[in-house]
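Shown next: structure-v5.cif, containing mmCIF, C-alpha atoms.
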```
data_query
#
loop_
_atom_site.label_atom_id
_atom_site.label_comp_id
_atom_site.auth_asym_id
_atom_site.auth_seq_id
_atom_site.Cartn_x
_atom_site.Cartn_y
_atom_site.Cartn_z
CA MET U 1 0.00 0.00 0.00
CA SER U 2 1.38 3.43 -0.96
CA ALA U 3 0.60 6.92 0.30
CA HIS U 4 -1.85 8.98 -1.74
CA GLU U 5 -1.26 12.68 -2.28
CA PHE U 6 -4.28 14.93 -1.98
CA ASP U 7 -5.19 18.58 -1.54
CA VAL U 8 -6.67 19.59 1.80
CA GLY U 9 -8.20 22.75 0.36
CA PRO U 10 -8.22 26.25 1.87
CA VAL U 11 -7.84 25.17 5.50
CA ALA U 12 -5.08 27.60 6.54
CA GLU U 13 -5.26 31.36 6.89
CA PRO U 14 -5.79 33.66 5.13
CA PHE U 15 -7.65 31.40 2.70
CA LEU U 16 -9.68 29.67 5.41
CA THR U 17 -11.45 32.89 6.33
CA ILE U 18 -11.82 34.07 2.72
CA ALA U 19 -13.25 30.74 1.58
CA ALA U 20 -15.70 30.55 4.48
CA ASP U 21 -16.98 34.02 3.57
CA TYR U 22 -17.92 33.15 -0.01
CA PRO U 23 -20.86 34.88 -1.74
CA GLY U 24 -24.01 33.15 -2.96
CA ILE U 25 -27.10 34.18 -4.89
CA GLU U 26 -27.04 37.61 -3.31
CA VAL U 27 -24.00 38.31 -5.54
CA TYR U 28 -24.30 35.67 -8.27
CA PRO U 29 -27.85 35.79 -9.70
CA ALA U 30 -29.25 32.31 -10.20
CA GLN U 31 -30.61 33.10 -13.65
CA ASP U 32 -27.03 33.65 -14.89
CA PHE U 33 -24.94 31.29 -12.73
CA ARG U 34 -25.27 27.64 -11.72
CA VAL U 35 -25.18 28.46 -8.01
CA GLU U 36 -26.94 25.17 -7.26
CA TRP U 37 -23.65 23.29 -7.80
CA GLY U 38 -21.73 25.32 -5.22
CA PRO U 39 -18.63 27.51 -5.45
CA ILE U 40 -15.34 26.26 -6.91
CA PHE U 41 -12.41 28.08 -5.28
CA HIS U 42 -9.05 26.94 -6.63
CA ARG U 43 -6.69 24.18 -7.71
CA GLY U 44 -3.01 23.93 -6.83
CA ARG U 45 -0.78 25.34 -4.14
CA LEU U 46 -2.04 27.69 -1.43
CA ASP U 47 1.09 27.33 0.71
CA GLY U 48 3.13 30.08 -0.98
CA SER U 49 5.13 27.72 -3.19
CA ALA U 50 3.35 28.63 -6.44
CA ARG U 51 5.41 30.43 -9.09
CA ILE U 52 2.64 30.77 -11.68
CA LEU U 53 -0.95 31.91 -11.22
CA ILE U 54 -3.52 30.74 -13.77
CA ILE U 55 -6.80 32.63 -14.06
CA GLY U 56 -9.59 30.84 -15.89
CA GLN U 57 -13.19 31.82 -16.50
CA ASP U 58 -15.66 29.59 -14.68
CA PRO U 59 -16.14 25.94 -13.71
CA GLY U 60 -17.84 23.31 -15.87
CA GLN U 61 -19.42 19.94 -15.16
CA HIS U 62 -16.17 18.13 -14.27
CA GLU U 63 -15.24 20.93 -11.88
CA SER U 64 -18.69 20.84 -10.27
CA ILE U 65 -18.06 17.24 -9.24
CA ALA U 66 -14.36 17.46 -8.31
CA HIS U 67 -14.74 20.94 -6.74
CA ARG U 68 -11.42 22.08 -8.11
CA CYS U 69 -10.73 24.50 -10.98
CA LEU U 70 -9.85 23.33 -14.49
CA VAL U 71 -9.97 19.54 -14.25
CA GLY U 72 -11.74 18.72 -17.53
CA GLU U 73 -10.45 18.96 -21.10
CA ALA U 74 -9.46 22.62 -20.72
CA GLY U 75 -7.64 21.80 -17.49
CA GLN U 76 -5.69 18.96 -19.09
CA ARG U 77 -4.56 21.31 -21.86
CA VAL U 78 -3.53 23.92 -19.29
CA GLN U 79 -1.67 21.22 -17.35
CA GLY U 80 0.20 20.33 -20.55
CA PHE U 81 1.02 24.01 -21.13
CA LEU U 82 2.53 24.22 -17.64
CA ALA U 83 4.45 21.00 -18.19
CA LYS U 84 6.20 22.52 -21.20
CA LEU U 85 7.56 25.18 -18.83
CA GLY U 86 8.78 22.56 -16.35
CA ILE U 87 6.03 23.51 -13.91
CA THR U 88 4.46 20.33 -12.57
CA ARG U 89 3.53 21.46 -9.06
CA SER U 90 4.39 25.13 -8.41
CA TYR U 91 1.16 26.72 -9.63
CA VAL U 92 -2.20 27.85 -8.36
CA ILE U 93 -5.39 28.22 -10.38
CA VAL U 94 -8.45 30.37 -9.75
CA ASN U 95 -11.39 31.47 -11.90
CA ALA U 96 -12.89 34.85 -12.61
CA PHE U 97 -16.25 33.45 -11.44
CA LEU U 98 -16.88 31.14 -8.49
CA TYR U 99 -19.86 29.54 -10.19
CA SER U 100 -20.43 28.16 -13.66
CA VAL U 101 -21.96 30.60 -16.12
CA PHE U 102 -25.45 29.69 -17.32
CA GLY U 103 -26.08 30.96 -20.83
CA GLN U 104 -23.75 32.13 -23.55
CA HIS U 105 -23.69 35.81 -22.59
CA ALA U 106 -24.18 35.60 -18.83
CA GLY U 107 -20.50 36.01 -18.06
CA GLU U 108 -20.25 39.12 -20.22
CA ARG U 109 -23.07 40.75 -18.25
CA HIS U 110 -21.27 40.30 -14.95
CA VAL U 111 -17.57 40.65 -15.72
CA GLU U 112 -17.48 44.10 -14.06
CA ASP U 113 -19.87 43.43 -11.16
CA GLN U 114 -18.45 45.15 -8.09
CA ASP U 115 -19.33 42.47 -5.54
CA ILE U 116 -18.09 39.60 -7.71
CA ALA U 117 -14.82 41.44 -8.32
CA ALA U 118 -14.43 42.41 -4.66
CA TYR U 119 -14.50 38.79 -3.49
CA ARG U 120 -12.23 37.59 -6.31
CA GLU U 121 -9.71 40.30 -5.48
CA ARG U 122 -9.48 39.11 -1.88
CA TRP U 123 -8.02 35.91 -3.32
CA LEU U 124 -5.77 37.76 -5.78
CA ASN U 125 -4.50 40.09 -3.06
CA GLU U 126 -3.32 37.13 -0.98
CA LEU U 127 -2.02 35.06 -3.89
CA LEU U 128 -0.09 37.90 -5.52
CA GLY U 129 0.87 39.99 -2.50
CA ALA U 130 3.90 38.73 -0.61
CA SER U 131 4.47 35.66 -2.75
CA GLN U 132 7.02 34.20 -5.14
CA ILE U 133 4.61 34.21 -8.07
CA THR U 134 6.30 35.87 -11.04
CA VAL U 135 3.98 34.87 -13.89
CA VAL U 136 0.23 35.29 -14.35
CA VAL U 137 -1.49 33.58 -17.28
CA SER U 138 -5.16 34.09 -18.08
CA PHE U 139 -7.11 31.76 -20.37
CA GLY U 140 -10.12 33.49 -21.91
CA HIS U 141 -10.84 37.19 -22.08
CA ILE U 142 -12.94 37.25 -18.89
CA GLY U 143 -9.96 35.94 -16.93
CA ALA U 144 -7.80 38.61 -18.54
CA ALA U 145 -10.32 41.31 -17.61
CA ALA U 146 -10.34 40.05 -14.01
CA TYR U 147 -6.56 40.28 -13.74
CA ARG U 148 -6.36 43.70 -15.40
CA ARG U 149 -8.93 45.05 -12.98
CA TRP U 150 -6.79 43.86 -10.06
CA ALA U 151 -3.58 45.13 -11.70
CA SER U 152 -5.03 48.63 -12.14
CA LYS U 153 -5.34 48.83 -8.36
CA HIS U 154 -1.88 47.39 -7.66
CA PRO U 155 0.35 48.87 -10.38
CA ASP U 156 3.61 48.44 -8.45
CA ARG U 157 3.13 44.71 -7.85
CA ALA U 158 1.66 44.19 -11.32
CA GLY U 159 4.74 45.83 -12.79
CA GLU U 160 6.86 43.04 -11.29
CA LEU U 161 4.78 40.29 -12.92
CA ILE U 162 4.88 38.73 -16.36
CA PHE U 163 1.32 38.64 -17.67
CA GLU U 164 0.12 36.61 -20.64
CA ALA U 165 -3.50 36.88 -21.79
CA LEU U 166 -4.22 33.74 -23.82
CA THR U 167 -7.14 32.26 -25.71
CA HIS U 168 -9.26 29.75 -23.81
CA PRO U 169 -8.01 26.16 -24.34
CA THR U 170 -11.23 24.82 -25.83
CA MET U 171 -12.06 27.84 -28.01
CA PRO U 172 -11.32 25.93 -31.27
CA GLU U 173 -14.03 23.37 -30.51
CA ALA U 174 -16.51 25.98 -29.26
CA ALA U 175 -16.01 28.34 -32.19
CA SER U 176 -15.99 25.73 -34.97
CA LYS U 177 -19.24 24.00 -33.96
CA GLY U 178 -18.11 20.66 -35.34
CA ASP U 179 -16.54 21.92 -38.59
CA PRO U 180 -13.12 20.19 -38.86
CA ALA U 181 -11.58 22.83 -41.12
CA GLN U 182 -12.68 25.69 -38.89
CA ARG U 183 -11.41 23.85 -35.83
CA ALA U 184 -8.02 23.25 -37.45
CA ALA U 185 -7.66 26.92 -38.39
CA ALA U 186 -8.72 28.10 -34.92
CA MET U 187 -6.38 25.64 -33.22
CA LYS U 188 -3.45 26.77 -35.35
CA THR U 189 -4.13 30.39 -34.40
CA LEU U 190 -4.45 29.50 -30.72
CA LEU U 191 -1.22 27.50 -30.65
CA THR U 192 0.72 30.22 -32.46
CA GLN U 193 -0.30 32.57 -29.66
CA TRP U 194 0.50 30.01 -26.96
CA ASN U 195 3.93 29.30 -28.47
CA LEU U 196 4.88 32.98 -28.40
CA ALA U 197 3.82 33.18 -24.76
CA LEU U 198 5.71 30.00 -23.87
CA ALA U 199 8.91 31.40 -25.35
CA ARG U 200 8.59 34.65 -23.42
CA VAL U 201 7.77 32.98 -20.10
CA HIS U 202 10.34 30.20 -20.47
CA ASP U 203 13.14 32.72 -20.86
CA GLN U 204 12.16 34.64 -17.72
CA LEU U 205 10.69 32.07 -15.36
CA GLY U 206 13.86 31.14 -13.50
CA GLU U 207 13.51 28.28 -11.02
CA ARG U 208 11.00 25.59 -11.93
CA ASP U 209 10.03 22.09 -10.85
CA VAL U 210 11.68 20.23 -13.75
CA GLN U 211 14.44 21.49 -16.00
CA ARG U 212 13.59 20.60 -19.58
CA PRO U 213 14.08 22.13 -23.01
CA LEU U 214 11.12 24.03 -24.37
CA VAL U 215 9.27 22.07 -27.05
CA LEU U 216 6.66 24.21 -28.77
CA TYR U 217 3.29 23.06 -30.11
CA GLY U 218 2.71 22.10 -33.70
CA GLU U 219 -0.57 22.78 -35.49
CA ASP U 220 -2.67 20.76 -33.02
CA ILE U 221 -2.43 19.60 -29.42
CA THR U 222 -1.25 16.00 -29.44
CA PRO U 223 -2.42 13.46 -26.85
CA ALA U 224 1.02 13.66 -25.21
CA GLU U 225 0.56 17.42 -24.76
CA ARG U 226 -2.46 16.94 -22.52
CA SER U 227 -1.54 16.14 -18.93
CA ALA U 228 -3.61 14.38 -16.30
CA ILE U 229 -4.66 16.33 -13.24
CA PRO U 230 -2.37 15.30 -10.36
CA SER U 231 -3.95 13.61 -7.35
CA ALA U 232 -2.13 16.24 -5.24
CA ASP U 233 -4.59 18.79 -6.65
CA LEU U 234 -7.73 16.81 -5.80
CA PRO U 235 -9.62 16.19 -2.53
CA LEU U 236 -8.88 13.25 -0.28
CA GLY U 237 -10.39 10.07 -1.65
CA ALA U 238 -10.80 11.33 -5.22
CA PRO U 239 -11.04 8.29 -7.52
CA ALA U 240 -8.16 7.80 -9.91
CA TRP U 241 -10.40 8.38 -12.94
CA TRP U 242 -11.00 12.00 -11.87
CA SER U 243 -7.50 12.45 -13.33
CA SER U 244 -8.47 10.62 -16.51
CA LEU U 245 -7.69 12.09 -19.91
CA LYS U 246 -11.09 10.78 -20.98
CA PRO U 247 -14.28 12.79 -20.26
CA TRP U 248 -16.30 11.44 -17.37
CA ALA U 249 -18.99 14.08 -16.71
CA SER U 250 -21.66 15.49 -19.00
CA ARG U 251 -24.76 17.63 -18.69
CA GLU U 252 -27.82 15.71 -19.83
CA GLY U 253 -31.56 16.30 -19.66
CA SER U 254 -34.85 16.40 -21.54
CA ASP U 255 -35.17 20.20 -21.38
CA ILE U 256 -33.12 23.21 -20.31
CA ASN U 257 -34.08 22.95 -16.65
CA ASP U 258 -33.52 19.20 -16.45
CA LYS U 259 -30.16 19.57 -18.18
CA ARG U 260 -29.14 22.34 -15.79
CA ALA U 261 -30.04 20.13 -12.83
CA THR U 262 -28.28 17.01 -14.05
CA VAL U 263 -24.64 16.03 -14.37
CA VAL U 264 -24.15 12.42 -15.43
CA VAL U 265 -20.91 10.87 -14.17
CA ARG U 266 -19.50 7.72 -15.79
CA VAL U 267 -16.31 5.88 -14.95
CA PRO U 268 -14.43 5.93 -18.30
CA GLU U 269 -14.02 2.78 -20.33
CA GLY U 270 -10.67 1.17 -19.62
CA GLU U 271 -10.56 2.62 -16.09
CA ARG U 272 -13.16 0.36 -14.50
CA PRO U 273 -11.40 -1.90 -11.97
CA TRP U 274 -14.02 -4.62 -12.18
CA GLN U 275 -13.32 -4.91 -15.90
CA THR U 276 -9.57 -4.30 -15.96
CA THR U 277 -8.36 -6.16 -12.87
CA PRO U 278 -7.83 -9.89 -13.39
CA ALA U 279 -10.20 -11.98 -11.32
CA PRO U 280 -8.53 -13.92 -8.50
CA PRO U 281 -8.07 -17.63 -9.15
CA GLN U 282 -11.04 -19.70 -8.10
CA PRO U 283 -10.53 -22.68 -5.79
CA THR U 284 -10.55 -26.00 -7.56
CA SER U 285 -12.23 -29.16 -6.41
CA ASP U 286 -10.87 -32.70 -6.60
CA THR U 287 -14.35 -34.07 -6.94
#
```

Transcribe the structure of this file into structure tokens.
Amino acid sequence: MSAHEFDVGPVAEPFLTIAADYPGIEVYPAQDFRVEWGPIFHRGRLDGSARILIIGQDPGQHESIAHRCLVGEAGQRVQGFLAKLGITRSYVIVNAFLYSVFGQHAGERHVEDQDIAAYRERWLNELLGASQITVVVSFGHIGAAAYRRWASKHPDRAGELIFEALTHPTMPEAASKGDPAQRAAAMKTLLTQWNLALARVHDQLGERDVQRPLVLYGEDITPAERSAIPSADLPLGAPAWWSSLKPWASREGSDINDKRATVVVRVPEGERPWQTTPAPPQPTSDT
């Protein structure tokens, strides 16, 4: 039997108090946010060891189950991005919104809400204040807007940070709506942007978890360039397939309300112990 790494969550100050004081429907209107699935606070290091801060947009169905930021397809692509920089542990991830956006334009309506920003900036103040973080990367324009709002209030500290505002990892699929040619063109554009950012950050990052040469992306993200979510980022007792590179959660329902209320979770094929573990030998009889 081996020890299992896990993340205890925001149980130490100052994050204990900030997390316990999270806003609900009084700040996040239920018609625009999936408040029924609860807030998703972070993923990664809260102990001061992070060197990179990632700011995403909002949680999805995988995140609603795991209660950590960026654990689905987008998270695996971000994990692969970090791996190219030799960052396998020294990061922390937060979102612009605590709750998943409901509706295509809901996030846009609330990106500048004072109360949403005020709570988010309590986290950013602690993460970026007296810390060794030197790089901030946003994925998606709402994450970029969230950081820039904070930076405008803290110009001295922001001036010490490298900031990269990047396209959301799953934009090619979202924008192409199933058209392979459109997806390929969008992915090529995204990866060109990511490669330029990787080169800038790699040259200035300094100390990292693993020293490795920078290998840039080609015209698409290969399977090897997606990285599983480490168990050290997940709650105690998280099943191994929560780190799977295969999707395991989906929103399903007969109408918009049923679909909003339902996340179907399936253990991925090939990761089902009762199917993949050899059965123990059965006792034989001499009779």

Evaluate the PyMOL selection byres ((chain U and resi 117) around 12) against this structure - the residues, as a PyMOL selection string, please. chain U and resi 23+27-28+95-98+110-116+118-125+142-143+145-150

Which residues fall under the PyMOL selection byres ((chain U and resi 268) around 9) in this file, as a ChimeraX atom specification? /U:241,244,246-248,266-267,269-272

So what do you get for atom CA of Ala197 of chain U versus atom CA of Gly86 of chain U, distance-wise? 14.4 Å

With a distance cut-off of 9 Å and all atoms listed in the file, select the neighbouring residues of Gln193 of chain U, excluding the residue or stretch itself and same-chain residues fewer than 4 positions from it, and output the selection as a PDB file with C-alpha atoms, in the coordinates of the input.
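The result, written out as part.pdb:
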```pdb
ATOM      1  CA  LEU U 166      -4.220  33.740 -23.820  1.00  0.00           C
ATOM      2  CA  THR U 167      -7.140  32.260 -25.710  1.00  0.00           C
ATOM      3  CA  LYS U 188      -3.450  26.770 -35.350  1.00  0.00           C
ATOM      4  CA  THR U 189      -4.130  30.390 -34.400  1.00  0.00           C
ATOM      5  CA  ALA U 197       3.820  33.180 -24.760  1.00  0.00           C
ATOM      6  CA  LEU U 198       5.710  30.000 -23.870  1.00  0.00           C
TER       7      LEU U 198
END
```

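Against this structure, the PyMOL selection byres ((chain U and resi 91) around 9) ends up with Arg43, Gly44, Arg45, Leu46, Ser49, Ala50, Arg51, Ile52, Leu53, Ile54, Leu82, Ile87, Thr88, Arg89, Ser90, Val92, Ile93 and Ile133 of chain U.
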
Using C-alpha atoms, can you write the selected residues to a file as a PDB file, keeping the file's coordinate frame?
```
ATOM      1  CA  ARG U  43      -6.690  24.180  -7.710  1.00  0.00           C
ATOM      2  CA  GLY U  44      -3.010  23.930  -6.830  1.00  0.00           C
ATOM      3  CA  ARG U  45      -0.780  25.340  -4.140  1.00  0.00           C
ATOM      4  CA  LEU U  46      -2.040  27.690  -1.430  1.00  0.00           C
ATOM      5  CA  SER U  49       5.130  27.720  -3.190  1.00  0.00           C
ATOM      6  CA  ALA U  50       3.350  28.630  -6.440  1.00  0.00           C
ATOM      7  CA  ARG U  51       5.410  30.430  -9.090  1.00  0.00           C
ATOM      8  CA  ILE U  52       2.640  30.770 -11.680  1.00  0.00           C
ATOM      9  CA  LEU U  53      -0.950  31.910 -11.220  1.00  0.00           C
ATOM     10  CA  ILE U  54      -3.520  30.740 -13.770  1.00  0.00           C
ATOM     11  CA  LEU U  82       2.530  24.220 -17.640  1.00  0.00           C
ATOM     12  CA  ILE U  87       6.030  23.510 -13.910  1.00  0.00           C
ATOM     13  CA  THR U  88       4.460  20.330 -12.570  1.00  0.00           C
ATOM     14  CA  ARG U  89       3.530  21.460  -9.060  1.00  0.00           C
ATOM     15  CA  SER U  90       4.390  25.130  -8.410  1.00  0.00           C
ATOM     16  CA  VAL U  92      -2.200  27.850  -8.360  1.00  0.00           C
ATOM     17  CA  ILE U  93      -5.390  28.220 -10.380  1.00  0.00           C
ATOM     18  CA  ILE U 133       4.610  34.210  -8.070  1.00  0.00           C
TER      19      ILE U 133
END
```

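Candidate residues U:Val136, U:Ala106, U:Ala66, U:Leu205 were compared for distance to Asp7 of chain U, and the nearest is U:Ala66, using only C-alpha atoms.
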
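Take the candidates U:Trp242, U:Phe102, U:Tyr22, U:Phe163 and check each one against Glu63 of chain U using all atoms listed in the file; the shortest distance goes to U:Trp242.
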
In Å, how far is it from atom CA of Thr170 of chain U to atom CA of Arg77 of chain U? 8.5 Å

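In this structure, atom CA of Gly159 of chain U sits 24.2 Å away from atom CA of His42 of chain U.
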
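Closest approach to Arg68 of chain U from the set U:Gly48, U:Pro281, U:Pro230, U:Pro172 is made by U:Pro230, with distances taken over only C-alpha atoms.
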
Closest-contact table, segment 47-108 of chain U side, partner segment 223-228 of chain U, 7 Å, counting all atoms listed in the file, as CSV:
```
residue,atom,partner,partner_atom,distance
U:Gln76,CA,U:Ser227,CA,5.0
U:Arg77,CA,U:Arg226,CA,4.9
U:Gln79,CA,U:Ser227,CA,5.3
U:Gly80,CA,U:Arg226,CA,4.7
```

Where atoms are missing, can you supply N, CA and C atoms for segment 50-71 of chain U and output the lot as a PDB file, keeping the file's coordinate frame?
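And here is the file that came out, part18.pdb:
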```
ATOM      1  N   ALA U  50       3.696  28.440  -5.025  1.00  0.00           N
ATOM      2  CA  ALA U  50       3.350  28.630  -6.440  1.00  0.00           C
ATOM      3  C   ALA U  50       4.242  29.693  -7.070  1.00  0.00           C
ATOM      4  N   ARG U  51       4.633  29.461  -8.317  1.00  0.00           N
ATOM      5  CA  ARG U  51       5.410  30.430  -9.090  1.00  0.00           C
ATOM      6  C   ARG U  51       4.592  31.002 -10.257  1.00  0.00           C
ATOM      7  N   ILE U  52       3.519  30.310 -10.605  1.00  0.00           N
ATOM      8  CA  ILE U  52       2.640  30.770 -11.680  1.00  0.00           C
ATOM      9  C   ILE U  52       1.205  30.768 -11.176  1.00  0.00           C
ATOM     10  N   LEU U  53       0.482  31.839 -11.478  1.00  0.00           N
ATOM     11  CA  LEU U  53      -0.950  31.910 -11.220  1.00  0.00           C
ATOM     12  C   LEU U  53      -1.682  31.803 -12.550  1.00  0.00           C
ATOM     13  N   ILE U  54      -2.642  30.879 -12.616  1.00  0.00           N
ATOM     14  CA  ILE U  54      -3.520  30.740 -13.770  1.00  0.00           C
ATOM     15  C   ILE U  54      -4.889  31.295 -13.401  1.00  0.00           C
ATOM     16  N   ILE U  55      -5.445  32.123 -14.268  1.00  0.00           N
ATOM     17  CA  ILE U  55      -6.800  32.630 -14.060  1.00  0.00           C
ATOM     18  C   ILE U  55      -7.673  32.146 -15.215  1.00  0.00           C
ATOM     19  N   GLY U  56      -8.649  31.316 -14.895  1.00  0.00           N
ATOM     20  CA  GLY U  56      -9.590  30.840 -15.890  1.00  0.00           C
ATOM     21  C   GLY U  56     -10.870  31.647 -15.858  1.00  0.00           C
ATOM     22  N   GLN U  57     -11.924  31.086 -16.436  1.00  0.00           N
ATOM     23  CA  GLN U  57     -13.190  31.820 -16.500  1.00  0.00           C
ATOM     24  C   GLN U  57     -14.162  31.329 -15.439  1.00  0.00           C
ATOM     25  N   ASP U  58     -14.651  30.108 -15.596  1.00  0.00           N
ATOM     26  CA  ASP U  58     -15.660  29.590 -14.680  1.00  0.00           C
ATOM     27  C   ASP U  58     -15.627  28.075 -14.732  1.00  0.00           C
ATOM     28  N   PRO U  59     -16.169  27.415 -13.718  1.00  0.00           N
ATOM     29  CA  PRO U  59     -16.140  25.940 -13.710  1.00  0.00           C
ATOM     30  C   PRO U  59     -17.161  25.343 -14.660  1.00  0.00           C
ATOM     31  N   GLY U  60     -16.909  24.076 -15.047  1.00  0.00           N
ATOM     32  CA  GLY U  60     -17.840  23.310 -15.870  1.00  0.00           C
ATOM     33  C   GLY U  60     -18.312  22.084 -15.104  1.00  0.00           C
ATOM     34  N   GLN U  61     -18.813  21.090 -15.841  1.00  0.00           N
ATOM     35  CA  GLN U  61     -19.420  19.940 -15.160  1.00  0.00           C
ATOM     36  C   GLN U  61     -18.391  19.084 -14.426  1.00  0.00           C
ATOM     37  N   HIS U  62     -17.188  18.905 -14.985  1.00  0.00           N
ATOM     38  CA  HIS U  62     -16.170  18.130 -14.270  1.00  0.00           C
ATOM     39  C   HIS U  62     -15.787  18.833 -12.974  1.00  0.00           C
ATOM     40  N   GLU U  63     -15.635  20.148 -13.055  1.00  0.00           N
ATOM     41  CA  GLU U  63     -15.240  20.930 -11.880  1.00  0.00           C
ATOM     42  C   GLU U  63     -16.327  20.909 -10.809  1.00  0.00           C
ATOM     43  N   SER U  64     -17.592  20.879 -11.238  1.00  0.00           N
ATOM     44  CA  SER U  64     -18.690  20.840 -10.270  1.00  0.00           C
ATOM     45  C   SER U  64     -18.668  19.581  -9.427  1.00  0.00           C
ATOM     46  N   ILE U  65     -18.160  18.500  -9.990  1.00  0.00           N
ATOM     47  CA  ILE U  65     -18.060  17.240  -9.240  1.00  0.00           C
ATOM     48  C   ILE U  65     -16.777  17.204  -8.406  1.00  0.00           C
ATOM     49  N   ALA U  66     -15.652  17.534  -9.015  1.00  0.00           N
ATOM     50  CA  ALA U  66     -14.360  17.460  -8.310  1.00  0.00           C
ATOM     51  C   ALA U  66     -14.155  18.628  -7.350  1.00  0.00           C
ATOM     52  N   HIS U  67     -14.878  19.719  -7.546  1.00  0.00           N
ATOM     53  CA  HIS U  67     -14.740  20.940  -6.740  1.00  0.00           C
ATOM     54  C   HIS U  67     -13.312  21.465  -6.717  1.00  0.00           C
ATOM     55  N   ARG U  68     -12.710  21.434  -7.883  1.00  0.00           N
ATOM     56  CA  ARG U  68     -11.420  22.080  -8.110  1.00  0.00           C
ATOM     57  C   ARG U  68     -11.480  22.718  -9.508  1.00  0.00           C
ATOM     58  N   CYS U  69     -10.718  23.778  -9.708  1.00  0.00           N
ATOM     59  CA  CYS U  69     -10.730  24.500 -10.980  1.00  0.00           C
ATOM     60  C   CYS U  69     -10.014  23.709 -12.076  1.00  0.00           C
ATOM     61  N   LEU U  70     -10.519  23.831 -13.292  1.00  0.00           N
ATOM     62  CA  LEU U  70      -9.850  23.330 -14.490  1.00  0.00           C
ATOM     63  C   LEU U  70      -9.367  21.885 -14.357  1.00  0.00           C
ATOM     64  N   VAL U  71     -10.336  20.966 -14.301  1.00  0.00           N
ATOM     65  CA  VAL U  71      -9.970  19.540 -14.250  1.00  0.00           C
ATOM     66  C   VAL U  71     -10.479  18.768 -15.460  1.00  0.00           C
TER      67      VAL U  71
END
```
